>>> print(open('final_31.cif').read())   # mmCIF, C-alpha atoms and all ligand atoms
data_structure
loop_
_atom_site.label_atom_id
_atom_site.label_comp_id
_atom_site.auth_asym_id
_atom_site.auth_seq_id
_atom_site.Cartn_x
_atom_site.Cartn_y
_atom_site.Cartn_z
CA MET A 225 0.00 0.00 0.00
CA LEU A 226 1.30 3.43 -0.87
CA ASP A 227 2.13 5.80 1.98
CA GLN A 228 -0.96 8.02 2.41
CA GLY A 229 -2.01 7.29 -1.15
CA SER A 230 0.72 9.53 -2.52
CA SER A 231 2.51 8.48 -5.69
CA VAL A 232 6.26 8.60 -5.67
CA THR A 233 7.18 11.74 -7.53
CA ARG A 234 9.70 14.53 -7.04
CA GLU A 235 6.86 16.85 -5.97
CA ASN A 236 5.65 14.41 -3.34
CA ALA A 237 9.17 13.88 -2.03
CA GLN A 238 9.48 17.65 -1.66
CA ARG A 239 6.14 17.67 0.10
CA VAL A 240 7.40 15.18 2.69
CA LEU A 241 10.27 17.51 3.58
CA ARG A 242 7.97 20.54 3.66
CA ASP A 243 5.46 18.73 5.86
CA ASN A 244 8.23 17.69 8.25
CA ASP A 245 9.71 21.19 8.37
CA ARG A 246 9.36 22.75 11.82
CA GLY A 247 10.82 26.10 10.84
CA GLY A 248 14.50 25.69 10.06
CA TYR A 249 14.87 22.05 11.03
CA THR A 250 13.27 18.87 9.72
CA VAL A 251 11.83 16.15 11.94
CA PRO A 252 12.34 12.57 10.66
CA THR A 253 8.55 12.08 10.67
CA ALA A 254 5.66 13.64 12.61
CA ARG A 255 4.71 12.21 16.06
CA LEU A 256 7.08 9.21 16.11
CA TYR A 257 10.22 11.43 15.98
CA PRO A 258 9.22 15.06 16.60
CA TYR A 259 12.73 16.51 17.12
CA GLN A 260 15.90 17.21 15.16
CA TRP A 261 18.14 14.13 14.83
CA LEU A 262 21.76 14.50 13.76
CA TRP A 263 22.18 12.10 10.87
CA ASP A 264 18.57 12.42 9.71
CA SER A 265 19.08 16.15 9.36
CA GLY A 266 22.32 15.57 7.48
CA PHE A 267 20.41 13.52 4.89
CA SER A 268 17.45 15.90 4.86
CA ALA A 269 19.78 18.77 4.01
CA LEU A 270 20.89 16.96 0.84
CA GLY A 271 17.24 16.56 -0.12
CA TRP A 272 16.41 20.20 0.57
CA GLN A 273 19.37 21.28 -1.52
CA THR A 274 17.73 19.91 -4.67
CA PHE A 275 14.96 22.53 -4.47
CA ASN A 276 15.69 25.09 -1.75
CA GLU A 277 19.35 25.76 -1.05
CA PRO A 278 18.97 28.39 1.71
CA ARG A 279 16.70 25.97 3.59
CA ALA A 280 19.29 23.18 3.21
CA TRP A 281 22.00 25.31 4.79
CA GLU A 282 19.63 26.35 7.55
CA GLU A 283 19.20 22.66 8.47
CA LEU A 284 22.91 22.33 9.19
CA ARG A 285 23.12 25.68 10.96
CA ARG A 286 20.35 24.56 13.32
CA LEU A 287 22.30 21.40 14.12
CA ALA A 288 25.26 23.57 15.02
CA THR A 289 23.14 25.33 17.69
CA GLY A 290 23.09 22.04 19.59
CA GLN A 291 26.88 21.68 19.73
CA TRP A 292 28.27 21.35 23.24
CA PRO A 293 31.22 23.46 24.44
CA ASP A 294 33.45 20.36 24.20
CA GLY A 295 32.54 19.94 20.53
CA MET A 296 30.01 17.09 20.69
CA ILE A 297 27.04 17.42 18.33
CA PRO A 298 24.26 15.55 20.15
CA HIS A 299 22.09 13.02 18.42
CA ILE A 300 18.82 14.83 19.28
CA ILE A 301 18.12 18.54 19.70
CA PHE A 302 14.86 19.23 21.54
CA HIS A 303 14.03 22.60 19.99
CA LYS A 304 10.39 22.51 21.16
CA VAL A 305 9.18 20.07 23.81
CA ASP A 306 6.80 17.48 22.36
CA PRO A 307 5.18 14.80 24.57
CA ASN A 308 4.89 12.41 21.60
CA TYR A 309 8.50 11.25 22.07
CA SER A 310 10.19 9.55 24.95
CA PRO A 311 12.88 9.92 26.29
CA GLY A 312 12.45 13.70 26.18
CA PRO A 313 14.77 16.39 27.55
CA GLY A 314 13.95 15.67 31.22
CA ALA A 315 15.05 12.05 30.98
CA TRP A 316 18.41 13.09 29.52
CA GLY A 317 18.99 15.84 32.08
CA THR A 318 21.75 17.58 30.15
CA SER A 319 22.37 21.27 30.75
CA HIS A 320 22.68 22.57 27.17
CA GLN A 321 20.43 25.24 25.63
CA PRO A 322 18.60 24.32 23.44
CA PRO A 323 18.08 21.06 25.38
CA THR A 324 19.74 18.04 23.81
CA SER A 325 20.44 14.36 24.36
CA GLY A 326 23.87 13.49 25.79
CA ILE A 327 25.26 11.18 23.12
CA SER A 328 26.09 11.62 19.42
CA GLN A 329 25.37 9.81 16.14
CA PRO A 330 27.29 8.84 12.98
CA PRO A 331 29.08 12.05 11.94
CA VAL A 332 27.89 12.41 8.34
CA LEU A 333 28.06 16.21 8.26
CA ALA A 334 31.50 16.91 6.76
CA THR A 335 30.72 14.52 3.91
CA HIS A 336 27.37 16.19 3.34
CA LEU A 337 28.85 19.67 3.52
CA ARG A 338 31.33 18.70 0.81
CA TRP A 339 28.54 17.16 -1.29
CA MET A 340 26.50 20.36 -0.96
CA LEU A 341 29.44 22.55 -1.89
CA GLU A 342 29.96 20.46 -5.02
CA CYS A 343 26.28 20.44 -6.06
CA THR A 344 25.49 24.06 -5.31
CA CYS A 345 23.93 26.49 -7.76
CA ASP A 346 24.61 29.38 -5.37
CA GLN A 347 28.38 29.37 -4.90
CA ALA A 348 28.47 32.53 -2.79
CA LEU A 349 25.95 31.29 -0.24
CA ALA A 350 27.53 27.83 -0.19
CA GLU A 351 31.02 29.13 0.46
CA LYS A 352 29.90 31.58 3.10
CA THR A 353 28.00 28.88 5.01
CA ALA A 354 30.72 26.28 4.51
CA ARG A 355 33.21 28.68 6.10
CA GLU A 356 30.87 29.18 9.03
CA LEU A 357 30.30 25.43 9.51
CA TYR A 358 33.81 24.12 8.86
CA PRO A 359 35.16 25.04 12.35
CA VAL A 360 32.03 23.52 13.94
CA LEU A 361 32.87 20.24 12.21
CA VAL A 362 36.56 20.34 13.09
CA ARG A 363 35.55 20.74 16.75
CA ALA A 364 33.08 17.84 16.44
CA HIS A 365 35.72 15.52 14.92
CA ARG A 366 38.20 16.61 17.59
CA TRP A 367 35.60 15.70 20.23
CA TRP A 368 35.33 12.16 18.86
CA ARG A 369 39.09 11.77 19.28
CA ALA A 370 39.43 13.41 22.68
CA ALA A 371 36.37 11.88 24.33
CA ARG A 372 36.07 8.55 22.52
CA ASP A 373 39.65 7.63 21.61
CA PRO A 374 41.76 9.18 24.36
CA GLU A 375 44.38 6.46 23.89
CA ARG A 376 44.78 7.45 20.22
CA THR A 377 44.21 4.00 18.74
CA GLY A 378 42.63 5.43 15.58
CA LEU A 379 39.13 4.02 16.31
CA VAL A 380 36.42 5.73 18.39
CA ALA A 381 34.11 4.05 20.91
CA ILE A 382 30.34 4.40 21.24
CA TYR A 383 28.59 4.17 24.63
CA HIS A 384 25.03 3.52 23.52
CA PRO A 385 23.41 1.59 20.63
CA TRP A 386 21.55 4.81 19.75
CA GLU A 387 24.93 6.38 18.91
CA SER A 388 25.40 3.89 16.07
CA GLY A 389 22.00 4.91 14.65
CA MET A 390 21.31 1.14 14.34
CA ASP A 391 19.58 0.83 17.67
CA ASN A 392 18.59 -2.82 18.08
CA SER A 393 21.06 -4.29 15.59
CA ALA A 394 22.04 -7.85 16.44
CA MET A 395 25.58 -6.41 16.66
CA TRP A 396 24.65 -5.18 20.14
CA ASP A 397 23.12 -8.37 21.58
CA THR A 398 26.25 -9.55 23.37
CA PRO A 399 27.50 -6.22 24.74
CA MET A 400 23.95 -5.22 25.73
CA ALA A 401 23.52 -8.46 27.67
CA ASN A 402 26.28 -7.15 29.96
CA VAL A 403 24.51 -3.83 30.68
CA PRO A 404 23.05 -3.94 34.20
CA THR A 405 19.50 -2.67 34.72
CA ASP A 406 19.77 -2.16 38.48
CA ILE A 407 19.99 1.62 37.98
CA LEU A 408 16.98 2.55 35.87
CA ASP A 409 14.68 5.55 36.26
CA PRO A 410 11.04 4.77 35.43
CA TYR A 411 10.28 5.45 31.78
CA GLU A 412 7.41 5.27 29.34
CA ARG A 413 7.62 4.03 25.76
CA ARG A 414 5.81 6.08 23.13
CA ASP A 415 7.07 4.44 19.91
CA THR A 416 4.76 1.42 20.15
CA ALA A 417 1.76 3.75 20.31
CA TYR A 418 2.38 4.43 16.59
CA ILE A 419 4.24 1.41 15.22
CA ALA A 420 3.47 -2.34 15.47
CA VAL A 421 5.57 -3.96 18.19
CA ASP A 422 7.11 -6.53 15.82
CA GLN A 423 8.74 -3.65 13.90
CA ARG A 424 10.34 -2.04 16.96
CA PRO A 425 12.95 -3.01 19.60
CA GLN A 426 11.95 -5.32 22.44
CA LYS A 427 11.26 -4.25 26.04
CA SER A 428 14.53 -5.85 27.16
CA ASP A 429 16.35 -3.53 24.69
CA TYR A 430 14.53 -0.43 25.97
CA ASP A 431 15.28 -1.29 29.61
CA ARG A 432 18.96 -1.28 28.73
CA TYR A 433 18.78 1.85 26.55
CA MET A 434 17.21 3.68 29.47
CA ALA A 435 19.54 2.11 32.07
CA LEU A 436 22.47 3.57 30.14
CA VAL A 437 20.81 7.00 29.97
CA THR A 438 20.04 6.88 33.72
CA ARG A 439 23.62 5.92 34.55
CA PHE A 440 25.19 8.62 32.34
CA LYS A 441 22.80 11.24 33.70
CA ARG A 442 23.81 10.37 37.26
CA ALA A 443 27.45 10.74 36.21
CA GLY A 444 26.61 14.31 35.11
CA TRP A 445 27.57 13.48 31.50
CA ASP A 446 31.23 13.93 32.49
CA PRO A 447 33.28 12.53 29.53
CA GLU A 448 36.07 11.17 31.74
CA VAL A 449 33.68 9.37 34.09
CA LEU A 450 31.75 7.98 31.13
CA TRP A 451 34.95 6.69 29.49
CA ALA A 452 35.96 4.96 32.73
CA GLU A 453 32.58 3.61 33.79
CA THR A 454 30.32 2.96 30.82
CA PRO A 455 29.08 -0.66 30.77
CA PHE A 456 28.70 -0.45 26.97
CA LYS A 457 31.89 0.47 25.11
CA VAL A 458 32.13 -0.75 21.55
CA LEU A 459 34.11 0.04 18.40
CA ASP A 460 31.26 0.30 15.90
CA PRO A 461 31.95 -0.16 12.18
CA THR A 462 29.23 2.33 11.14
CA THR A 463 30.45 5.17 13.33
CA ASN A 464 34.09 4.56 12.44
CA CYS A 465 33.45 4.22 8.70
CA VAL A 466 31.32 7.36 8.62
CA LEU A 467 33.90 9.28 10.69
CA HIS A 468 36.80 8.11 8.52
CA ARG A 469 34.98 9.17 5.37
CA ALA A 470 34.08 12.47 7.01
CA ASP A 471 37.74 13.05 8.00
CA ARG A 472 38.76 12.65 4.38
CA ASP A 473 36.02 15.05 3.30
CA LEU A 474 37.01 17.54 5.98
CA LEU A 475 40.54 17.50 4.63
CA ALA A 476 39.23 18.10 1.10
CA LEU A 477 37.11 20.96 2.44
CA SER A 478 40.11 22.56 4.11
CA ASP A 479 41.83 22.51 0.68
CA GLN A 480 38.80 23.88 -1.10
CA LEU A 481 38.30 26.67 1.41
CA GLY A 482 42.04 27.36 1.66
CA ILE A 483 42.16 26.78 5.42
CA GLU A 484 45.58 25.45 6.41
CA ASN A 485 45.51 25.41 10.25
CA ASP A 486 44.03 21.99 10.91
CA ARG A 487 45.53 20.02 8.02
CA ALA A 488 48.23 18.15 9.92
CA GLU A 489 45.82 17.20 12.68
CA ILE A 490 43.22 15.85 10.23
CA GLU A 491 45.90 13.97 8.28
CA GLY A 492 46.94 12.34 11.56
CA TRP A 493 43.35 11.13 12.22
CA ILE A 494 43.14 9.70 8.71
CA ALA A 495 46.50 7.90 8.89
CA ARG A 496 45.80 6.36 12.31
CA GLY A 497 42.26 5.38 11.35
CA ARG A 498 43.27 3.69 8.09
CA THR A 499 45.70 1.34 9.86
CA ALA A 500 43.38 0.66 12.79
CA PHE A 501 40.52 -0.65 10.63
CA SER A 502 42.27 -4.02 10.27
CA ARG A 503 41.15 -4.69 13.87
CA LEU A 504 37.52 -4.69 12.72
CA TRP A 505 37.90 -6.82 9.58
CA SER A 506 36.24 -10.25 9.53
CA GLU A 507 37.19 -12.54 6.67
CA THR A 508 34.49 -14.96 7.86
CA GLN A 509 31.66 -12.42 7.55
CA GLY A 510 33.13 -10.64 4.54
CA CYS A 511 32.69 -7.24 6.17
CA TYR A 512 33.77 -5.11 9.13
CA VAL A 513 32.43 -6.10 12.56
CA PRO A 514 32.30 -4.40 15.97
CA LEU A 515 34.80 -4.97 18.74
CA ASP A 516 33.65 -4.95 22.36
CA MET A 517 36.25 -2.90 24.26
CA LEU A 518 35.16 -4.31 27.62
CA THR A 519 35.80 -7.94 26.69
CA GLY A 520 38.31 -7.45 23.86
CA GLU A 521 36.15 -9.73 21.68
CA LYS A 522 35.15 -9.12 18.09
CA ILE A 523 31.41 -9.52 17.52
CA GLU A 524 31.07 -11.86 14.57
CA ILE A 525 28.05 -10.80 12.54
CA GLY A 526 27.45 -9.49 9.03
CA THR A 527 25.52 -6.21 8.91
CA SER A 528 24.92 -3.38 6.47
CA GLY A 529 26.96 -1.16 8.82
CA GLY A 530 29.91 -3.51 8.27
CA MET A 531 29.54 -2.98 4.50
CA LEU A 532 30.34 0.73 4.88
CA GLY A 533 34.02 -0.13 4.35
CA PHE A 534 33.46 0.90 0.72
CA TYR A 535 32.10 4.28 1.72
CA ALA A 536 34.96 4.81 4.17
CA GLY A 537 37.46 3.84 1.47
CA VAL A 538 39.39 1.61 3.88
CA ALA A 539 38.97 -1.81 2.20
CA ASP A 540 41.95 -3.08 0.19
CA ASP A 541 41.38 -4.96 -3.06
CA ALA A 542 41.04 -8.37 -1.44
CA GLN A 543 38.68 -7.08 1.27
CA ALA A 544 36.57 -5.23 -1.29
CA LYS A 545 36.21 -8.41 -3.38
CA ARG A 546 35.27 -10.41 -0.29
CA MET A 547 32.63 -7.80 0.65
CA VAL A 548 31.19 -7.94 -2.85
CA GLN A 549 31.04 -11.73 -2.63
CA ALA A 550 29.19 -11.52 0.70
CA LEU A 551 26.76 -8.89 -0.62
CA GLU A 552 26.03 -11.07 -3.64
CA GLU A 553 25.27 -13.99 -1.33
CA TRP A 554 22.91 -11.78 0.67
CA GLY A 555 21.33 -10.65 -2.59
CA ARG A 556 20.48 -14.24 -3.50
CA ALA A 557 18.87 -14.85 -0.10
CA VAL A 558 16.58 -11.78 -0.21
CA ARG A 559 15.00 -9.91 -3.09
CA TYR A 560 16.16 -6.42 -2.11
CA LEU A 561 19.60 -5.30 -0.99
CA VAL A 562 20.89 -4.27 1.54
CA PRO A 563 19.29 -6.01 4.54
CA SER A 564 20.55 -4.60 7.84
CA THR A 565 21.59 -8.07 9.05
CA SER A 566 22.98 -10.83 6.86
CA PRO A 567 19.97 -12.95 5.82
CA LEU A 568 22.22 -15.99 6.26
CA ASP A 569 22.54 -15.28 9.98
CA LEU A 570 20.15 -16.86 12.47
CA ARG A 571 19.65 -13.48 14.13
CA PHE A 572 18.17 -11.99 10.92
CA GLU A 573 14.61 -10.71 11.55
CA PRO A 574 13.25 -9.25 8.30
CA ARG A 575 10.61 -6.97 9.89
CA ARG A 576 12.25 -5.87 13.11
CA TYR A 577 13.82 -2.44 12.71
CA TRP A 578 17.63 -2.64 12.49
CA ARG A 579 17.73 -6.45 12.60
CA GLY A 580 16.86 -7.17 8.96
CA PRO A 581 14.96 -4.46 7.01
CA VAL A 582 16.52 -2.32 4.27
CA TRP A 583 17.27 1.30 5.25
CA PRO A 584 17.44 4.08 2.63
CA ASN A 585 20.31 6.11 4.06
CA VAL A 586 22.48 3.00 4.39
CA ASN A 587 21.80 1.90 0.81
CA TRP A 588 22.81 5.37 -0.26
CA MET A 589 26.16 5.20 1.52
CA ILE A 590 26.90 1.64 0.39
CA GLY A 591 25.87 2.47 -3.18
CA VAL A 592 28.12 5.53 -3.28
CA GLY A 593 31.03 3.50 -1.89
CA LEU A 594 30.54 0.62 -4.33
CA ALA A 595 30.50 3.03 -7.27
CA GLU A 596 33.69 4.67 -6.05
CA TYR A 597 35.37 1.26 -5.92
CA GLY A 598 34.26 0.60 -9.50
CA PHE A 599 31.68 -2.11 -8.69
CA SER A 600 29.13 -0.41 -10.88
CA ASP A 601 26.74 -3.35 -11.39
CA LEU A 602 26.33 -3.95 -7.68
CA ALA A 603 26.15 -0.19 -7.01
CA ARG A 604 23.31 -0.01 -9.52
CA ARG A 605 21.49 -2.92 -7.90
CA VAL A 606 21.72 -1.27 -4.46
CA ARG A 607 20.22 1.94 -5.86
CA GLU A 608 17.61 0.29 -8.07
CA ASP A 609 16.46 -2.05 -5.29
CA LEU A 610 15.83 1.00 -3.16
CA ARG A 611 14.02 2.73 -6.01
CA SER A 612 11.70 -0.30 -6.36
CA LEU A 613 11.05 -0.41 -2.62
CA ILE A 614 10.12 3.27 -2.48
CA GLN A 615 7.99 2.96 -5.62
CA SER A 616 6.14 -0.04 -4.29
CA SER A 617 5.15 1.43 -0.94
CA GLY A 618 6.12 5.10 -0.63
CA PHE A 619 8.45 7.11 1.61
CA TYR A 620 8.69 4.64 4.49
CA GLU A 621 11.33 4.47 7.19
CA TYR A 622 12.49 0.92 6.23
CA TRP A 623 11.33 -2.17 4.28
CA GLU A 624 10.99 -5.92 4.54
CA PRO A 625 13.77 -7.11 2.18
CA THR A 626 11.74 -9.71 0.31
CA THR A 627 8.07 -8.73 0.36
CA SER A 628 8.88 -4.99 -0.11
CA GLU A 629 6.38 -4.08 2.63
CA GLY A 630 7.01 -0.55 3.88
CA LEU A 631 7.58 -0.55 7.65
CA GLY A 632 8.01 1.85 10.56
CA GLY A 633 7.12 5.51 10.06
CA ALA A 634 5.59 6.77 6.80
CA HIS A 635 6.20 10.15 5.16
CA PHE A 636 9.83 9.86 6.25
CA SER A 637 12.34 12.66 5.66
CA TRP A 638 15.54 10.75 4.88
CA THR A 639 13.65 8.56 2.43
CA ALA A 640 12.30 11.59 0.58
CA ALA A 641 15.76 13.16 0.68
CA THR A 642 17.37 9.99 -0.69
CA TRP A 643 14.85 10.01 -3.50
CA LEU A 644 15.54 13.63 -4.37
CA ALA A 645 19.32 13.70 -4.06
CA TRP A 646 20.39 10.19 -5.05
CA ILE A 647 17.71 8.23 -6.90
CA ASP A 648 15.52 10.44 -9.04
C1 LIG B 701 15.92 5.74 15.45
O1 LIG B 701 16.44 5.99 16.74
C2 LIG B 701 15.71 6.68 17.77
C3 LIG B 701 16.67 6.91 18.93
O2 LIG B 701 17.72 7.74 18.50
C4 LIG B 701 14.50 5.94 18.28
O3 LIG B 701 14.24 4.79 17.87
O4 LIG B 701 13.78 6.52 19.09
C5 LIG B 701 17.08 5.20 14.58
O5 LIG B 701 16.60 4.65 13.38
C6 LIG B 701 18.07 6.32 14.27
O6 LIG B 701 19.07 5.88 13.39
C7 LIG B 701 17.37 7.54 13.69
O7 LIG B 701 18.28 8.60 13.58
C8 LIG B 701 16.17 7.98 14.58
C9 LIG B 701 15.33 9.05 13.90
O8 LIG B 701 14.97 8.66 12.61
O9 LIG B 701 15.31 6.87 14.86
#
>>> encode(input="final_31.cif", output="structure tokens", more="lines below")
Ligand code: 2M8
Amino acid sequence: MLDQGSSVTRENAQRVLRDNDRGGYTVPTARLYPYQWLWDSGFSALGWQTFNEPRAWEELRRLATGQWPDGMIPHIIFHKVDPNYSPGPGAWGTSHQPPTSGISQPPVLATHLRWMLECTCDQALAEKTARELYPVLVRAHRWWRAARDPERTGLVAIYHPWESGMDNSAMWDTPMANVPTDILDPYERRDTAYIAVDQRPQKSDYDRYMALVTRFKRAGWDPEVLWAETPFKVLDPTTNCVLHRADRDLLALSDQLGIENDRAEIEGWIARGRTAFSRLWSETQGCYVPLDMLTGEKIEIGTSGGMLGFYAGVADDAQAKRMVQALEEWGRAVRYLVPSTSPLDLRFEPRRYWRGPVWPNVNWMIGVGLAEYGFSDLARRVREDLRSLIQSSGFYEYWEPTTSEGLGGAHFSWTAATWLAWID
């Protein structure tokens, strides 16, 4: 069934972004997610740019208003309190104005800023805003290193599954099983008021999500305490691939804008990161996998996040070929690429959120990476599969990878943006 009866056209995709516009920032979808999310907004900006450039830049400028003094860009900015979403600002208990969450999300922004600078039809506005945002992004990348890789290993840690953006991915089953729920403020779930429970995380997941938030809040969100005491500390392939790609784009931006000061520092991040990725490679899975810093164990599972090695540009020839082989196997097991968990894995759940469905923003990143590596047939399949999914059901949040059923929220911003900026 098509989302709200609307056919999939450029005009309707624009309408989704307009409908989700709350005056300078775009919510992922009404009611279910009524705030500004970091990586959603990054993708929305690329969509806006195709028909309203000033509005696209405004999206990123509003994200910058959430940046903490230490450089972190939080994963949610609560511009206007809305009871439809939980956990809201009170549950996070951070002290920033505007109120924000206390964790971050995959840092797509430098890559998107570069994309926007390259696609602009208004060079003067683009350059002016890029100059304003560039230092914001340097501070954000510096924060990842200082707070999340203080030992300078080249890979950054996440403290919460929400930071990966892939909330209930099967990647997190083992490390989440070690998160105690003895400290847990009472909380209420709102998501299942709008979405069928079999498409959302389980209660046991939410207890742990909220136990982590409660614990960090009681630690006053102090980065040093969090580093020392977090019961969830993982090297996530998605976050690290997105950050590595964004480092390379930040360096390119510094060239383009003629800003010399930070070059050596950014080059250092890139060099250390490139070498460190070998720690996350799994020949068995044919992709990158997480590493649990608290146990020292790699988490053996194939996921779409692990396929972002193309996008990061870190896979050597042999690794790239192995990833292609794995993706082709996945593509024979389901109709539509790229399922969020390998369909050959027992933990694959084709309808449940980040445990199986296809996600538009991830297809976009994998497709871009595949094309850059010269795997044009597979890149085309990843894009065309997404086109078919959107055409069959509309601008959904995610899809069942064989039946093409649209799942989760409808009228979804990053789906409309993907359509506008990458597919159409
Ligand atoms: C989902 O995550 C939020 C928590 O951040 C939630 O379920 O409440 C994820 O899909 C995440 O990647 C996304 O940014 C967010 C908003 O679309 O929703």
>>> closest_atom_pairs(input="final_31.cif", of="chain A", to="ligand LIG 701 (chain B)", cutoff="7 Å", atoms="all atoms listed in the file", output="tab-separated table")
residue	atom	partner	partner_atom	distance
A:Pro252	CA	B:LIG701	O8	5.1
A:Tyr257	CA	B:LIG701	C9	6.0
A:Trp261	CA	B:LIG701	O7	5.7
A:Leu262	CA	B:LIG701	O7	6.9
A:Trp263	CA	B:LIG701	O7	5.9
A:Asp264	CA	B:LIG701	O7	5.4
A:His299	CA	B:LIG701	O2	6.9
A:Trp386	CA	B:LIG701	O2	5.0
A:Gly389	CA	B:LIG701	O6	3.3
A:Met390	CA	B:LIG701	O6	5.3
A:Asp391	CA	B:LIG701	C5	5.9
>>> residues_around(input="final_31.cif", residues="Gly580 (chain A)", least_positions_apart="4", cutoff="9 Å", atoms="only C-alpha atoms", output="ChimeraX atom specification")
/A:393,527,562-567,571-576,623-625
>>> residues_around(input="final_31.cif", residues="Ile525 (chain A)", least_positions_apart="2", cutoff="7 Å", atoms="only C-alpha atoms", output="PyMOL selection string")
chain A and resi 395+509+513+523+527
>>> closest_residue(input="final_31.cif", among="A:Gly598, A:Gly492, A:Gly593, A:Gly317", to="Leu532 (chain A)", atoms="all atoms listed in the file")
A:Gly593
>>> atom_distance(input="final_31.cif", atom1="CA of Ala364 (chain A)", atom2="CA of Pro330 (chain A)")
11.2 Å
>>> residues_around(input="final_31.cif", residues="Phe267 (chain A)", least_positions_apart="5", cutoff="10 Å", atoms="only C-alpha atoms", output="list of chain:residue names")
A:Pro252, A:Leu262, A:Trp272, A:Ala280, A:Glu283, A:Val332, A:Leu333, A:His336, A:Asn585, A:Trp588, A:Ser637, A:Trp638, A:Thr639, A:Ala640, A:Ala641, A:Thr642, A:Ala645
>>> write_last_selection(input="final_31.cif", atoms="C-alpha atoms", output="compact mmCIF listing (two decimals), in the frame of the given file")
# COMPACT_ATOMS: atom_id res chain seq x y z
CA PRO A 252 12.34 12.57 10.66
CA LEU A 262 21.76 14.50 13.76
CA TRP A 272 16.41 20.20 0.57
CA ALA A 280 19.29 23.18 3.21
CA GLU A 283 19.20 22.66 8.47
CA VAL A 332 27.89 12.41 8.34
CA LEU A 333 28.06 16.21 8.26
CA HIS A 336 27.37 16.19 3.34
CA ASN A 585 20.31 6.11 4.06
CA TRP A 588 22.81 5.37 -0.26
CA SER A 637 12.34 12.66 5.66
CA TRP A 638 15.54 10.75 4.88
CA THR A 639 13.65 8.56 2.43
CA ALA A 640 12.30 11.59 0.58
CA ALA A 641 15.76 13.16 0.68
CA THR A 642 17.37 9.99 -0.69
CA ALA A 645 19.32 13.70 -4.06
>>> closest_residue(input="final_31.cif", among="A:Met531, A:Leu450, A:Ile407, A:Val251", to="Asn464 (chain A)", atoms="all atoms listed in the file")
A:Met531
>>> closest_residue(input="final_31.cif", among="A:Leu337, A:Leu504, A:Ala495, A:Leu644", to="Gly378 (chain A)", atoms="all atoms listed in the file")
A:Ala495
